[in-house]
file final-v8.txt (compact mmCIF, C-alpha atoms and all ligand atoms)
# COMPACT_ATOMS: atom_id res chain seq x y z
CA MET A 21 0.00 0.00 0.00
CA LEU A 22 2.90 2.33 0.63
CA ASN A 23 3.98 1.95 -2.99
CA GLN A 24 0.41 2.64 -3.93
CA SER A 25 0.54 5.84 -1.87
CA LYS A 26 3.78 6.91 -3.52
CA ARG A 27 2.37 6.19 -6.97
CA VAL A 28 -0.70 8.26 -6.25
CA TYR A 29 1.41 11.00 -4.72
CA ARG A 30 3.68 11.19 -7.78
CA GLN A 31 0.73 11.46 -10.10
CA ILE A 32 -1.10 14.19 -8.24
CA ASP A 33 0.90 16.87 -10.02
CA SER A 34 -0.44 15.64 -13.32
CA ILE A 35 -4.12 15.88 -12.34
CA LYS A 36 -5.60 18.63 -14.48
CA GLU A 37 -9.03 18.63 -12.88
CA ILE A 38 -7.90 19.91 -9.51
CA ASN A 39 -6.37 23.21 -8.60
CA HIS A 40 -3.17 23.90 -6.72
CA ASP A 41 -4.87 24.08 -3.32
CA GLN A 42 -6.61 20.77 -3.80
CA SER A 43 -3.44 19.17 -5.01
CA LYS A 44 -1.58 20.35 -1.94
CA ILE A 45 -4.29 19.06 0.33
CA LEU A 46 -4.22 15.71 -1.41
CA LYS A 47 -0.49 15.45 -0.90
CA ILE A 48 -0.75 16.40 2.74
CA SER A 49 -3.53 13.88 3.15
CA ILE A 50 -1.60 11.08 1.56
CA ILE A 51 1.61 11.84 3.39
CA GLN A 52 -0.25 11.91 6.65
CA ILE A 53 -2.45 8.91 6.12
CA GLY A 54 -3.93 7.86 9.41
CA LYS A 55 -4.16 11.30 10.98
CA TYR A 56 -7.06 13.20 9.52
CA ASN A 57 -7.45 15.30 12.67
CA GLN A 58 -3.95 16.59 12.15
CA ILE A 59 -4.58 17.23 8.49
CA PHE A 60 -7.74 19.13 9.25
CA ASN A 61 -6.18 21.06 12.10
CA SER A 62 -3.01 21.92 10.24
CA SER A 63 -2.82 25.59 9.53
CA TYR A 64 -2.66 25.05 5.80
CA VAL A 65 -6.01 23.31 5.64
CA LYS A 66 -7.55 25.82 8.02
CA ARG A 67 -6.44 28.69 5.79
CA SER A 68 -7.59 27.02 2.64
CA LEU A 69 -10.95 27.10 0.91
CA TYR A 70 -11.40 23.63 2.27
CA TYR A 71 -11.81 24.79 5.84
CA ASN A 72 -15.00 22.83 6.02
CA PHE A 73 -13.80 19.38 6.85
CA TYR A 74 -16.69 17.56 5.22
CA SER A 75 -16.18 19.35 1.90
CA TRP A 76 -12.53 18.52 1.99
CA TYR A 77 -13.15 14.93 2.96
CA ASN A 78 -15.81 14.33 0.32
CA ASP A 79 -13.73 15.91 -2.42
CA LEU A 80 -10.76 13.89 -1.42
CA LEU A 81 -12.84 10.72 -1.53
CA ASN A 82 -14.17 11.55 -4.98
CA VAL A 83 -10.85 12.44 -6.50
CA LEU A 84 -9.18 9.34 -5.19
CA LYS A 85 -12.05 7.13 -6.25
CA ASN A 86 -12.49 8.53 -9.73
CA MET A 87 -8.90 9.06 -10.67
CA TYR A 88 -7.13 6.19 -9.01
CA LYS A 89 -9.73 3.61 -8.00
CA VAL A 90 -8.60 3.90 -4.43
CA SER A 91 -10.68 4.84 -1.46
CA ILE A 92 -10.33 5.95 2.11
CA LYS A 93 -11.29 3.70 4.93
CA MET A 94 -12.21 5.10 8.30
CA ILE A 95 -10.53 2.76 10.74
CA ASP A 96 -11.88 4.52 13.79
CA LEU A 97 -12.52 8.07 14.94
CA LYS A 98 -8.84 8.96 14.73
CA HIS A 99 -7.53 7.00 11.78
CA ILE A 100 -8.05 6.97 8.03
CA LYS A 101 -6.22 4.87 5.51
CA LEU A 102 -5.80 4.89 1.75
CA VAL A 103 -7.00 1.55 0.39
CA ASP A 104 -7.75 -0.16 -2.91
CA GLU A 105 -11.43 -0.02 -3.69
CA ASN A 106 -11.67 -3.77 -3.66
CA THR A 107 -10.05 -4.06 -0.23
CA VAL A 108 -12.11 -1.39 1.42
CA ASP A 109 -13.57 -4.00 3.76
CA GLN A 110 -10.17 -5.18 4.91
CA GLU A 111 -9.38 -4.68 8.59
CA TYR A 112 -6.20 -2.96 9.74
CA LEU A 113 -4.12 -3.00 12.87
CA LYS A 114 -4.02 0.15 14.98
CA PHE A 115 -0.79 1.83 15.92
CA SER A 116 -0.39 4.47 18.64
CA ASN A 117 1.58 7.67 18.86
CA SER A 118 4.69 8.05 20.93
CA ASN A 119 4.43 8.41 24.71
CA LYS A 120 6.40 10.28 27.37
CA LYS A 121 9.06 7.60 27.60
CA LEU A 122 9.51 7.13 23.86
CA ASP A 123 9.53 10.90 23.29
CA LYS A 124 12.96 10.86 24.95
CA ILE A 125 14.37 9.17 21.86
CA THR A 126 14.36 12.65 20.30
CA GLU A 127 17.02 13.67 22.87
CA TRP A 128 19.67 11.68 21.02
CA LEU A 129 18.22 10.53 17.66
CA ASP A 130 17.39 12.94 14.83
CA VAL A 131 13.65 12.23 14.74
CA ARG A 132 10.52 14.12 15.75
CA LYS A 133 8.02 12.83 18.26
CA SER A 134 5.57 12.32 15.41
CA ASP A 135 8.09 9.97 13.74
CA ILE A 136 7.80 7.53 16.64
CA LYS A 137 4.94 5.02 16.78
CA THR A 138 4.18 2.07 18.97
CA PHE A 139 2.24 -1.12 18.38
CA ASN A 140 0.55 -3.04 21.17
CA ILE A 141 -1.38 -6.22 21.80
CA THR A 142 -2.98 -7.77 24.88
CA PRO A 143 -0.36 -8.37 27.60
CA VAL A 144 0.22 -11.66 29.43
CA LYS A 145 -1.97 -13.75 27.08
CA SER A 146 0.44 -12.91 24.26
CA CYS A 147 3.57 -13.55 26.37
CA PRO A 148 4.17 -17.32 26.42
CA PHE A 149 7.53 -17.14 28.21
CA ALA A 150 7.07 -14.21 30.62
CA HIS A 151 7.71 -14.94 34.28
CA ASP A 152 9.08 -12.15 36.53
CA CYS A 153 6.78 -9.57 35.01
CA GLN A 154 3.81 -11.62 36.06
CA LYS A 155 5.06 -13.17 39.30
CA ILE A 156 7.57 -10.75 40.86
CA PHE A 157 6.55 -7.28 39.71
CA LYS A 158 3.32 -6.19 38.14
CA CYS A 159 3.38 -5.91 34.35
CA TYR A 160 3.20 -2.24 33.40
CA ALA A 161 0.84 -2.94 30.51
CA ILE A 162 -1.64 -4.61 32.85
CA ILE A 163 -1.55 -1.55 35.12
CA GLN A 164 -2.21 0.65 32.08
CA GLU A 165 -5.08 -1.55 30.94
CA GLU A 166 -6.67 -1.33 34.38
CA TYR A 167 -7.25 2.39 34.17
CA ARG A 168 -7.30 2.97 30.40
CA LYS A 169 -10.17 1.07 28.84
CA ASP A 170 -9.40 2.44 25.36
CA PHE A 171 -5.86 1.04 25.60
CA LYS A 172 -7.18 -2.36 26.63
CA LYS A 173 -9.74 -2.33 23.83
CA GLN A 174 -7.20 -1.45 21.15
CA ASN A 175 -4.76 -4.10 22.40
CA LYS A 176 -7.48 -6.73 22.21
CA TYR A 177 -8.57 -5.59 18.76
CA ASN A 178 -4.98 -5.93 17.45
CA PHE A 179 -4.38 -9.25 19.18
CA ASP A 180 -7.64 -10.76 17.91
CA LEU A 181 -6.99 -9.59 14.37
CA LEU A 182 -3.46 -11.02 14.29
CA ARG A 183 -4.60 -14.31 15.77
CA LYS A 184 -6.96 -14.82 12.85
CA TYR A 185 -3.87 -15.30 10.70
CA HIS A 186 -1.47 -16.80 13.24
CA HIS A 187 -0.66 -19.80 11.02
CA SER A 188 0.44 -17.71 8.06
CA ILE A 189 3.61 -15.59 7.99
CA ASP A 190 2.58 -14.10 4.63
CA LYS A 191 -0.85 -13.03 5.82
CA MET A 192 0.44 -11.51 9.04
CA THR A 193 3.21 -9.76 7.08
CA ASP A 194 0.65 -8.25 4.70
CA LEU A 195 -1.61 -7.24 7.55
CA ILE A 196 1.18 -5.52 9.48
CA ASP A 197 2.70 -3.86 6.44
CA SER A 198 -0.60 -2.57 5.10
CA SER A 199 -1.39 -1.12 8.53
CA LEU A 200 2.00 0.52 9.17
CA PRO A 201 1.83 4.27 9.72
CA LYS A 202 4.50 6.60 8.40
CA ALA A 203 7.28 6.39 11.00
CA LYS A 204 11.02 6.38 11.55
CA VAL A 205 10.96 4.41 14.78
CA ILE A 206 8.48 1.68 15.62
CA ARG A 207 8.48 0.31 19.13
CA ILE A 208 6.83 -3.07 18.85
CA HIS A 209 5.02 -4.10 22.03
CA SER A 210 5.02 -1.58 24.81
CA SER A 211 2.36 -4.14 25.69
CA GLY A 212 2.46 -7.79 24.68
CA ASP A 213 5.08 -10.03 23.11
CA TYR A 214 5.75 -12.36 20.18
CA PHE A 215 3.02 -14.90 20.81
CA ASN A 216 4.31 -17.38 18.26
CA GLU A 217 7.29 -17.79 15.95
CA ASN A 218 5.32 -17.00 12.79
CA TYR A 219 4.41 -13.67 14.30
CA LEU A 220 8.06 -12.82 15.05
CA LYS A 221 9.01 -13.86 11.52
CA SER A 222 6.27 -11.62 10.13
CA TRP A 223 7.70 -8.55 11.84
CA ILE A 224 11.18 -9.49 10.56
CA LYS A 225 9.78 -9.73 7.04
CA VAL A 226 7.98 -6.41 7.34
CA SER A 227 11.16 -4.69 8.52
CA GLN A 228 13.07 -6.02 5.52
CA LEU A 229 10.63 -4.82 2.86
CA LYS A 230 12.39 -2.26 0.72
CA HIS A 231 10.10 0.60 1.67
CA ASN A 232 10.65 -0.06 5.41
CA LEU A 233 14.43 -0.22 5.44
CA ASN A 234 14.75 3.33 6.76
CA THR A 235 12.54 2.61 9.74
CA ILE A 236 13.95 1.26 12.99
CA PHE A 237 11.89 -1.58 14.48
CA TYR A 238 12.71 -2.63 18.03
CA SER A 239 11.20 -4.45 20.96
CA TYR A 240 11.89 -6.01 24.30
CA THR A 241 10.95 -9.66 24.41
CA THR A 242 10.64 -12.65 26.67
CA SER A 243 10.03 -14.94 23.68
CA ILE A 244 13.65 -16.09 23.75
CA PRO A 245 13.17 -19.50 22.06
CA TYR A 246 11.75 -17.85 18.92
CA TRP A 247 14.65 -15.41 18.86
CA ILE A 248 17.22 -18.21 19.21
CA ASN A 249 15.58 -20.14 16.36
CA ASN A 250 16.15 -17.11 14.11
CA LEU A 251 19.37 -15.90 15.68
CA ASP A 252 21.59 -15.60 12.59
CA GLU A 253 18.98 -13.78 10.59
CA ILE A 254 18.16 -11.33 13.39
CA ASN A 255 21.87 -10.66 14.02
CA SER A 256 22.27 -9.71 10.36
CA LEU A 257 19.50 -7.09 10.33
CA GLN A 258 20.33 -3.40 10.43
CA ASN A 259 16.92 -2.00 11.30
CA PHE A 260 15.34 -4.72 13.45
CA LYS A 261 16.45 -5.05 17.04
CA LEU A 262 15.46 -7.25 19.98
CA ILE A 263 16.39 -6.87 23.63
CA ALA A 264 15.87 -9.82 25.94
CA SER A 265 13.98 -9.09 29.14
CA LEU A 266 15.51 -11.09 31.96
CA GLY A 267 13.03 -13.02 34.03
CA THR A 268 11.99 -15.30 31.21
CA ASN A 269 10.52 -18.57 32.36
CA GLY A 270 13.35 -21.11 32.18
CA TYR A 271 15.31 -19.35 29.45
CA ASP A 272 17.50 -16.82 31.26
CA ASP A 273 20.54 -19.09 30.95
CA LYS A 274 19.98 -19.25 27.16
CA ILE A 275 20.26 -15.48 27.01
CA LYS A 276 23.81 -15.70 28.33
CA GLU A 277 24.67 -18.77 26.28
CA ASN A 278 23.63 -17.03 23.05
CA ASN A 279 25.11 -13.69 23.99
CA LEU A 280 21.82 -11.84 23.60
CA GLN A 281 21.62 -8.22 24.63
CA PHE A 282 19.41 -8.04 27.69
CA SER A 283 17.80 -5.59 30.07
CA LYS A 284 17.34 -6.23 33.76
CA VAL A 285 14.61 -4.54 35.74
CA VAL A 286 16.10 -3.00 38.89
CA TYR A 287 14.31 -1.46 41.82
CA SER A 288 16.86 1.30 42.39
CA GLU A 289 20.06 2.90 41.11
CA ASN A 290 21.75 1.15 43.96
CA GLU A 291 20.82 -2.19 42.41
CA ALA A 292 22.00 -1.17 38.94
CA ASN A 293 25.35 -0.11 40.39
CA LYS A 294 25.72 -3.41 42.21
CA LEU A 295 25.20 -5.24 38.93
CA GLY A 296 27.52 -2.92 37.01
CA LEU A 297 24.72 -1.93 34.64
CA LYS A 298 23.86 1.51 33.30
CA ILE A 299 20.21 2.55 33.49
CA ASP A 300 18.62 3.33 30.12
CA VAL A 301 16.42 6.42 30.45
CA ASN A 302 15.83 7.33 26.82
CA GLU A 303 15.96 4.06 24.82
CA ARG A 304 19.50 4.79 23.65
CA HIS A 305 20.95 1.57 25.03
CA ALA A 306 18.03 -0.38 23.60
CA ILE A 307 18.15 1.03 20.09
CA SER A 308 21.75 1.96 19.45
CA GLN A 309 23.92 -0.27 21.63
CA ASN A 310 24.52 -3.95 22.16
CA LYS A 311 25.53 -4.18 25.81
CA PRO A 312 23.25 -5.32 28.65
CA PHE A 313 21.62 -2.50 30.61
CA ALA A 314 19.15 -1.87 33.40
CA LEU A 315 15.64 -0.46 33.43
CA LYS A 316 14.25 1.10 36.55
CA ILE A 317 10.96 -0.46 37.60
CA HIS A 318 7.94 1.64 36.76
CA GLY A 319 6.82 3.90 39.60
CA THR A 320 3.27 2.69 39.20
CA GLN A 321 3.75 -0.56 41.10
CA PRO A 322 0.82 -1.16 43.47
CA LYS A 323 1.26 0.13 47.01
CA GLY A 324 2.07 -2.66 49.41
CA HIS A 325 3.71 -4.75 46.67
CA ASN A 326 7.23 -5.90 47.68
CA SER A 327 8.81 -4.12 44.74
CA TYR A 328 7.11 -0.88 45.77
CA LYS A 329 8.72 -1.01 49.21
CA ILE A 330 12.16 -1.88 47.87
CA LYS A 331 11.98 0.92 45.33
CA ARG A 332 10.93 3.51 47.89
CA LEU A 333 13.64 2.56 50.36
CA ASN A 334 16.26 2.19 47.60
CA LEU A 335 17.20 -1.21 48.98
CA VAL A 336 19.05 -3.97 47.16
CA ARG A 337 17.43 -7.36 46.84
CA SER A 338 19.33 -10.10 48.64
CA ASP A 339 19.04 -12.52 45.70
CA LEU A 340 20.15 -9.96 43.11
CA SER A 341 22.04 -11.46 40.19
CA LEU A 342 22.45 -11.47 36.44
CA VAL A 343 21.97 -14.63 34.46
S1 LIG A 401 6.34 -9.57 28.59
FE1 LIG A 401 5.71 -7.41 28.78
S2 LIG A 401 3.55 -7.37 28.33
FE2 LIG A 401 4.11 -9.50 28.68
S3 LIG A 401 3.62 -9.84 30.84
FE3 LIG A 401 5.77 -9.23 30.71
S4 LIG A 401 5.82 -7.00 30.99
FE4 LIG A 401 3.71 -7.62 30.52
call {"tool": "encode", "arguments": {"input": "final-v8.txt", "output": "structure tokens", "more": "lines below"}}
Ligand code: SF4
result
Amino acid sequence: MLNQSKRVYRQIDSIKEINHDQSKILKISIIQIGKYNQIFNSSYVKRSLYYNFYSWYNDLLNVLKNMYKVSIKMIDLKHIKLVDENTVDQEYLKFSNSNKKLDKITEWLDVRKSDIKTFNITPVKSCPFAHDCQKIFKCYAIIQEEYRKDFKKQNKYNFDLLRKYHHSIDKMTDLIDSSLPKAKVIRIHSSGDYFNENYLKSWIKVSQLKHNLNTIFYSYTTSIPYWINNLDEINSLQNFKLIASLGTNGYDDKIKENNLQFSKVVYSENEANKLGLKIDVNERHAISQNKPFALKIHGTQPKGHNSYKIKRLNLVRSDLSLV
């Protein structure tokens, strides 16, 4: 679909039936597929004759339909997508904008916040090898889902849609690629994990499509066995990166054996120092380096939970160790 977008974009200049303003709006629309609120609210559109959103939207629909046999699908209240007329009924995955933590990537990488997107699925159910994050500290995604119903709903929607095709790498690859927003950094799974090997392979395939080679794809994972099965391929990729989360059920020793970059959740700086690990505060270690590092446990741990007390008192766990 991205090639389709580019093709349409290139040909806009040759459309005789529309004027300069319309042409510019079309380009903006196509560049910013998935964000019609932004398109409408951008100063250019507001200044233009097409201030009325419905006029603009209807004209856009007509031009695309008549000239290029493509249409626009409303995915939900926030997202639109350019689609072939005959796939207008197709369903798409939903990506989210950056968040406070991911915004920090802009401190050291030459990207804007709007270049960073994240993709999420239901936590725990999609994490076949997770252990510590369910037994020792409370999974951050679960905490988020508890007070953000929209987040939970979107995660479930994505997870259910992917599971329809879980046997087919090609189908999941198509689904992910056709749903990808324009982005320079994609954080896969702030919530959820690679629920089967086909799914991991699908993301690898998506990242290696020619039109995605300038996008960085990265994720933390506890699905270590799937990673190890595809170790050589993953090691050879320039724009696809995995970081092992320690605390994986029965596979922590494999992380060391296979020399996988890992992150260890610590309760305090004191703990990170004891382990000789630097704390990653802006995803720099995750995206651009290959050494193990520490992540400080989220401050949203439930009161009364052991980890909450240790964090507050800046204590060091007695059984603290690396793999
Ligand atoms: S792997 Fe991530 S999403 Fe899954 S249970 Fe652990 S912290 Fe939660």
call {"tool": "residues_around", "arguments": {"input": "final-v8.txt", "residues": "Arg183 (chain A)", "least_positions_apart": "4", "cutoff": "12 Å", "atoms": "all atoms listed in the file", "output": "JSON, numbers by chain"}}
result
{"A": [113, 141, 142, 145, 146, 176, 177, 178, 179, 187, 188, 189, 191, 192, 195, 214, 215, 216, 218, 219]}
call {"tool": "closest_residue", "arguments": {"input": "final-v8.txt", "among": "A:Asn250, A:Ser118, A:Asn269, A:Gln258", "to": "ligand LIG 401 (chain A)", "atoms": "all atoms listed in the file"}}
result
A:Asn269
call {"tool": "atom_distance", "arguments": {"input": "final-v8.txt", "atom1": "CA of Thr235 (chain A)", "atom2": "CA of Leu257 (chain A)"}}
result
12.0 Å
call {"tool": "residues_near_ligand", "arguments": {"input": "final-v8.txt", "ligand": "ligand LIG 401 (chain A)", "cutoff": "9 Å", "atoms": "only C-alpha atoms and all ligand atoms", "output": "JSON, numbers by chain"}}
result
{"A": [140, 141, 142, 143, 144, 145, 146, 147, 148, 149, 150, 151, 152, 153, 154, 157, 158, 159, 160, 161, 162, 209, 210, 211, 212, 213, 214, 240, 241, 242, 243, 265, 267, 268]}
call {"tool": "atom_distance", "arguments": {"input": "final-v8.txt", "atom1": "CA of Glu303 (chain A)", "atom2": "CA of Tyr238 (chain A)"}}
result
10.1 Å
call {"tool": "axis_aligned_box", "arguments": {"input": "final-v8.txt", "around": "region 174-181 of chain A", "padding_each_side": "8 Å", "output": "JSON"}}
result
{"center_x": -6.5, "center_y": -6.1, "center_z": 18.4, "size_x": 20.2, "size_y": 25.3, "size_z": 24.0}
call {"tool": "atom_distance", "arguments": {"input": "final-v8.txt", "atom1": "CA of Ala264 (chain A)", "atom2": "CA of Ser239 (chain A)"}}
result
8.7 Å
call {"tool": "residues_near_point", "arguments": {"input": "final-v8.txt", "point": "(6.8, -8.8, 7.8)", "cutoff": "12 Å", "atoms": "only C-alpha atoms", "output": "count of residues only"}}
result
31
call {"tool": "residues_around", "arguments": {"input": "final-v8.txt", "residues": "Thr138 (chain A)", "least_positions_apart": "5", "cutoff": "6 Å", "atoms": "all atoms listed in the file", "output": "list in words"}}
result
Phe115, Ser116, Ile206, Arg207 and Ile208 of chain A
call {"tool": "closest_residue", "arguments": {"input": "final-v8.txt", "among": "A:Ile136, A:Leu251, A:Leu181, A:Ile317", "to": "Glu291 (chain A)", "atoms": "all atoms listed in the file"}}
result
A:Ile317
